[in-house]
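What follows is a short report on a single structure.
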Amino acid sequence: MSCNSSGCQSNCHKSDDQLSDSPPPPPPPLAAANNSNNLCLKCKTNSPITPGSLSGDEARFCADCFRSNIYGKFRLAVTSHAMISPSDNVLVAFSGGPSSRVALQFVHGLQDRAQKNFEASKDKSLAVFGVGVAFIDESAAYPVSSDKVDGAIQDIRSVVSNLAPPTKQLHVFPIENIYATDSSDGKDRLTKLLDAVNDATGKEDLLLHLRMLALQKVASQNGYNRLVLGSCASRIACHVLAATVKGQGYSLSADIQYVDARWEIPVVLPLHDCTSQELNLLCHLDGLKTLQPFDSPPSGINGLISSFVNILQEENPSRECTILRTAGKLTPFEFNRIPETDDCNVPLAIRRRQKRYNLKTKESISSELFCPICNGPLKNCNSLKLSSLNSCQSSRFNAACCSSCQFQILPKDPSSMENFCSLLPQQVVDRAKLGNCRLREQIQDCLLSDSEDEN
């Protein structure tokens, strides 16, 4: 029944034929949809970055907001985990790739801001942390021409020198120098050591461990107390799966945290929450020069895992972050925290933040046993066997290593172990001896003395 009112908006006065002939009502305005597609999701002012360069909400940011978002992740990691304090001397590991390039740029940005605050303050009481840069020359391990290496080093010097003051010292360290400084055959020993490893995955992993030894040596010899790595979420996600496949599940949580203080110089990962896709785009937007003179595609297990994660990432852009969040539920070790400090030069806010995260002093860092090669923590039940304590040195070294290193790095022939041990850097051998001593201390009450053994 119609109301027969021409002013009625419900069209109840019209017949069904009239309704079918009338045009459909206009659609609602699409201003909101157009705005979300054509304007930055955050500032609602600028146009978003190039479509297809990223996925997720980051693809809807403009260049300024995207840059601010990535730097915000970096700064949150640094402040939340007390990675850098004003009294620190920080060494940035620089390979020339996008991740290490962004890490260097962001650490430089923090230092530049601290320097401006220092100059603006009246009492000049707040110190500015120092920054150095380390480049590990791995030409002894890769078939790379000397001209290419020299050109890469010149480019790296140019990148570091073009950063604004304070001046940052560049340390170019040949990886064969991990052997004693008075050793003239370091390159030959390194080549023989790598050739002694038949497994492709084991050779890559061994070179990775030697690179960390080189960085630690640079930091220790030049007075640095922090080592910044550019490891990002993408690389950590690959490591999670690779370590699981290699049987390194127990030590996995030690490698994926923001802080790793099991080393003499604590290692920090301020780009822990940034993906490689984001860092590549940031280098492109800011014109940050990158170079990778020793860039070789991974092989073996590492190569398979890298390809697998790339396929997952193409299907779902959040896969890497999902892997990282899942692994993040693992319980960290005590050494995954920056040691607490009583230095009066460290601001009170940083010291309170350290206490909030229950950070331990250096003396109370876990007394876990560590693999002498990869420095991974060992389970007490899987650590050195009692029978190995009185065996020969090569057998003790084999027993001191984790199962992954035993399977992939150490030679299968027992007769080759002595020669293999002679090619290792002294730091690795000393770590194995320390593990033997710690095990003796733990089981001292269970061992028989010489007099008791005779009876």
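Residue numbering restarts at 1 in every chain; chains get A, B, ... in the order shown in the structure tokens, and ligands count up from 1 in that same order.
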
Name all residues at most 6 Å from stretch 99-116 of chain A (count only C-alpha atoms; drop same-chain ones fewer than 5 positions away) and give them as a PDB file with N, CA, C and O atoms, in the first residue's frame.
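What ended up in part_10.pdb:
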ATOM      1  N   PHE A  94      81.071  -4.351   8.297  1.00  0.00           N
ATOM      2  CA  PHE A  94      80.606  -3.840   7.011  1.00  0.00           C
ATOM      3  C   PHE A  94      81.099  -4.752   5.891  1.00  0.00           C
ATOM      4  O   PHE A  94      82.297  -4.860   5.641  1.00  0.00           O
ATOM      5  N   VAL A 128      79.863  11.114  23.765  1.00  0.00           N
ATOM      6  CA  VAL A 128      79.383  10.625  22.472  1.00  0.00           C
ATOM      7  C   VAL A 128      80.098   9.308  22.181  1.00  0.00           C
ATOM      8  O   VAL A 128      81.331   9.245  22.212  1.00  0.00           O
ATOM      9  N   GLY A 230      74.812  -6.562  10.692  1.00  0.00           N
ATOM     10  CA  GLY A 230      73.648  -6.159   9.907  1.00  0.00           C
ATOM     11  C   GLY A 230      72.665  -7.285   9.663  1.00  0.00           C
ATOM     12  O   GLY A 230      71.846  -7.183   8.744  1.00  0.00           O
TER      13      GLY A 230
END

>> I'd like the neighbourhood of stretch 298-301 of chain A as a PyMOL selection string, where a residue qualifies if any of its atoms comes within 10 Å (using only C-alpha atoms), though same-chain residues fewer than 2 positions away should be ignored.
In response: chain A and resi 199-204+241-243+245-246+295-296+303-307

Next, dump the selected residues to file, keeping only all heavy atoms, as a compact mmCIF listing (two decimals), in the first residue's frame.
# COMPACT_ATOMS: atom_id res chain seq x y z
N ASP A 199 82.41 -31.32 3.01
CA ASP A 199 81.00 -30.97 2.90
C ASP A 199 80.85 -29.50 2.53
O ASP A 199 81.45 -28.62 3.16
CB ASP A 199 80.29 -31.25 4.24
CG ASP A 199 78.80 -31.04 4.17
OD1 ASP A 199 78.09 -31.92 3.67
OD2 ASP A 199 78.34 -29.96 4.61
N ALA A 200 80.03 -29.20 1.51
CA ALA A 200 79.85 -27.81 1.05
C ALA A 200 79.23 -26.95 2.14
O ALA A 200 79.64 -25.81 2.36
CB ALA A 200 79.00 -27.78 -0.22
N THR A 201 78.23 -27.49 2.84
CA THR A 201 77.59 -26.74 3.92
C THR A 201 78.58 -26.50 5.06
O THR A 201 78.64 -25.41 5.62
CB THR A 201 76.37 -27.51 4.45
OG1 THR A 201 75.48 -27.78 3.36
CG2 THR A 201 75.64 -26.69 5.51
N GLY A 202 79.36 -27.53 5.40
CA GLY A 202 80.34 -27.38 6.47
C GLY A 202 81.39 -26.35 6.14
O GLY A 202 81.83 -25.59 7.01
N LYS A 203 81.81 -26.28 4.88
CA LYS A 203 82.82 -25.29 4.48
C LYS A 203 82.26 -23.87 4.61
O LYS A 203 82.96 -22.96 5.09
CB LYS A 203 83.26 -25.55 3.04
CG LYS A 203 84.42 -24.69 2.56
CD LYS A 203 84.92 -25.13 1.20
CE LYS A 203 85.50 -26.52 1.25
NZ LYS A 203 86.15 -26.90 -0.03
N GLU A 204 81.01 -23.66 4.20
CA GLU A 204 80.39 -22.34 4.35
C GLU A 204 80.25 -21.96 5.82
O GLU A 204 80.53 -20.81 6.21
CB GLU A 204 79.01 -22.33 3.68
CG GLU A 204 79.06 -22.30 2.17
CD GLU A 204 77.66 -22.21 1.57
OE1 GLU A 204 76.68 -22.20 2.35
OE2 GLU A 204 77.55 -22.15 0.33
N LEU A 241 65.60 -22.16 10.08
CA LEU A 241 65.30 -23.41 9.40
C LEU A 241 66.57 -24.24 9.17
O LEU A 241 66.57 -25.47 9.34
CB LEU A 241 64.61 -23.13 8.06
CG LEU A 241 63.26 -22.40 8.15
CD1 LEU A 241 62.64 -22.28 6.77
CD2 LEU A 241 62.31 -23.11 9.09
N ALA A 242 67.66 -23.57 8.78
CA ALA A 242 68.90 -24.29 8.51
C ALA A 242 69.44 -24.94 9.78
O ALA A 242 69.88 -26.09 9.77
CB ALA A 242 69.94 -23.34 7.92
N ALA A 243 69.40 -24.22 10.90
CA ALA A 243 69.90 -24.78 12.16
C ALA A 243 69.04 -25.96 12.61
O ALA A 243 69.56 -26.93 13.18
CB ALA A 243 69.91 -23.70 13.24
N VAL A 245 67.49 -28.04 10.61
CA VAL A 245 67.85 -29.18 9.74
C VAL A 245 69.20 -29.77 10.16
O VAL A 245 69.40 -30.99 10.11
CB VAL A 245 67.89 -28.72 8.27
CG1 VAL A 245 68.44 -29.82 7.37
CG2 VAL A 245 66.49 -28.32 7.80
N LYS A 246 70.13 -28.92 10.59
CA LYS A 246 71.48 -29.39 10.95
C LYS A 246 71.54 -30.00 12.35
O LYS A 246 72.61 -30.45 12.77
CB LYS A 246 72.46 -28.22 10.88
CG LYS A 246 72.61 -27.61 9.50
CD LYS A 246 73.44 -26.35 9.56
CE LYS A 246 73.45 -25.61 8.23
NZ LYS A 246 74.18 -24.31 8.31
N ASP A 295 80.43 -11.94 -2.86
CA ASP A 295 79.07 -12.46 -2.89
C ASP A 295 79.01 -13.73 -3.74
O ASP A 295 79.19 -13.68 -4.96
CB ASP A 295 78.11 -11.41 -3.44
CG ASP A 295 76.67 -11.87 -3.37
OD1 ASP A 295 76.37 -12.70 -2.51
OD2 ASP A 295 75.86 -11.40 -4.19
N SER A 296 78.80 -14.85 -3.11
CA SER A 296 78.64 -16.12 -3.82
C SER A 296 77.37 -16.79 -3.31
O SER A 296 77.13 -16.81 -2.10
CB SER A 296 79.85 -17.03 -3.60
OG SER A 296 80.00 -17.33 -2.24
N GLY A 303 71.91 -23.23 0.79
CA GLY A 303 71.31 -22.82 -0.46
C GLY A 303 69.89 -23.31 -0.61
O GLY A 303 69.01 -22.58 -1.09
N LEU A 304 69.62 -24.55 -0.21
CA LEU A 304 68.27 -25.09 -0.29
C LEU A 304 67.31 -24.32 0.61
O LEU A 304 66.18 -24.00 0.20
CB LEU A 304 68.28 -26.58 0.09
CG LEU A 304 68.98 -27.54 -0.88
CD1 LEU A 304 69.03 -28.93 -0.29
CD2 LEU A 304 68.27 -27.55 -2.22
N ILE A 305 67.75 -24.03 1.81
CA ILE A 305 66.90 -23.29 2.74
C ILE A 305 66.63 -21.88 2.22
O ILE A 305 65.49 -21.38 2.30
CB ILE A 305 67.55 -23.22 4.14
CG1 ILE A 305 67.61 -24.62 4.75
CG2 ILE A 305 66.79 -22.27 5.04
CD1 ILE A 305 66.27 -25.25 5.03
N SER A 306 67.65 -21.22 1.67
CA SER A 306 67.47 -19.88 1.13
C SER A 306 66.45 -19.86 -0.01
O SER A 306 65.56 -18.99 -0.06
CB SER A 306 68.81 -19.33 0.65
OG SER A 306 68.67 -18.03 0.11
N SER A 307 66.54 -20.84 -0.91
CA SER A 307 65.57 -20.93 -2.01
C SER A 307 64.17 -21.23 -1.49
O SER A 307 63.18 -20.67 -1.97
CB SER A 307 66.01 -22.02 -2.99
OG SER A 307 67.29 -21.76 -3.51

> Hey, which of A:Phe294, A:Ile178, A:Leu207, A:Pro270 ends up closest to A:Ser145? Count only C-alpha atoms.
Replying inline: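 Nearest candidate to A:Ser145 out of A:Phe294, A:Ile178, A:Leu207, A:Pro270: A:Phe294.
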
> How far is it from atom CA of A:Val429 to atom CA of A:Lys187, in Å with one decimal?
Replying inline: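 We find that atom CA of A:Val429 and atom CA of A:Lys187 lie 18.2 Å from each other.
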
>> Could you pull out the strand (DSSP E) residues of stretch 167-203 of chain A, going by DSSP on the backbone, and write them as a list in words?
In response: Gln169, Leu170, His171, Val172, Phe173 and Pro174 of chain A
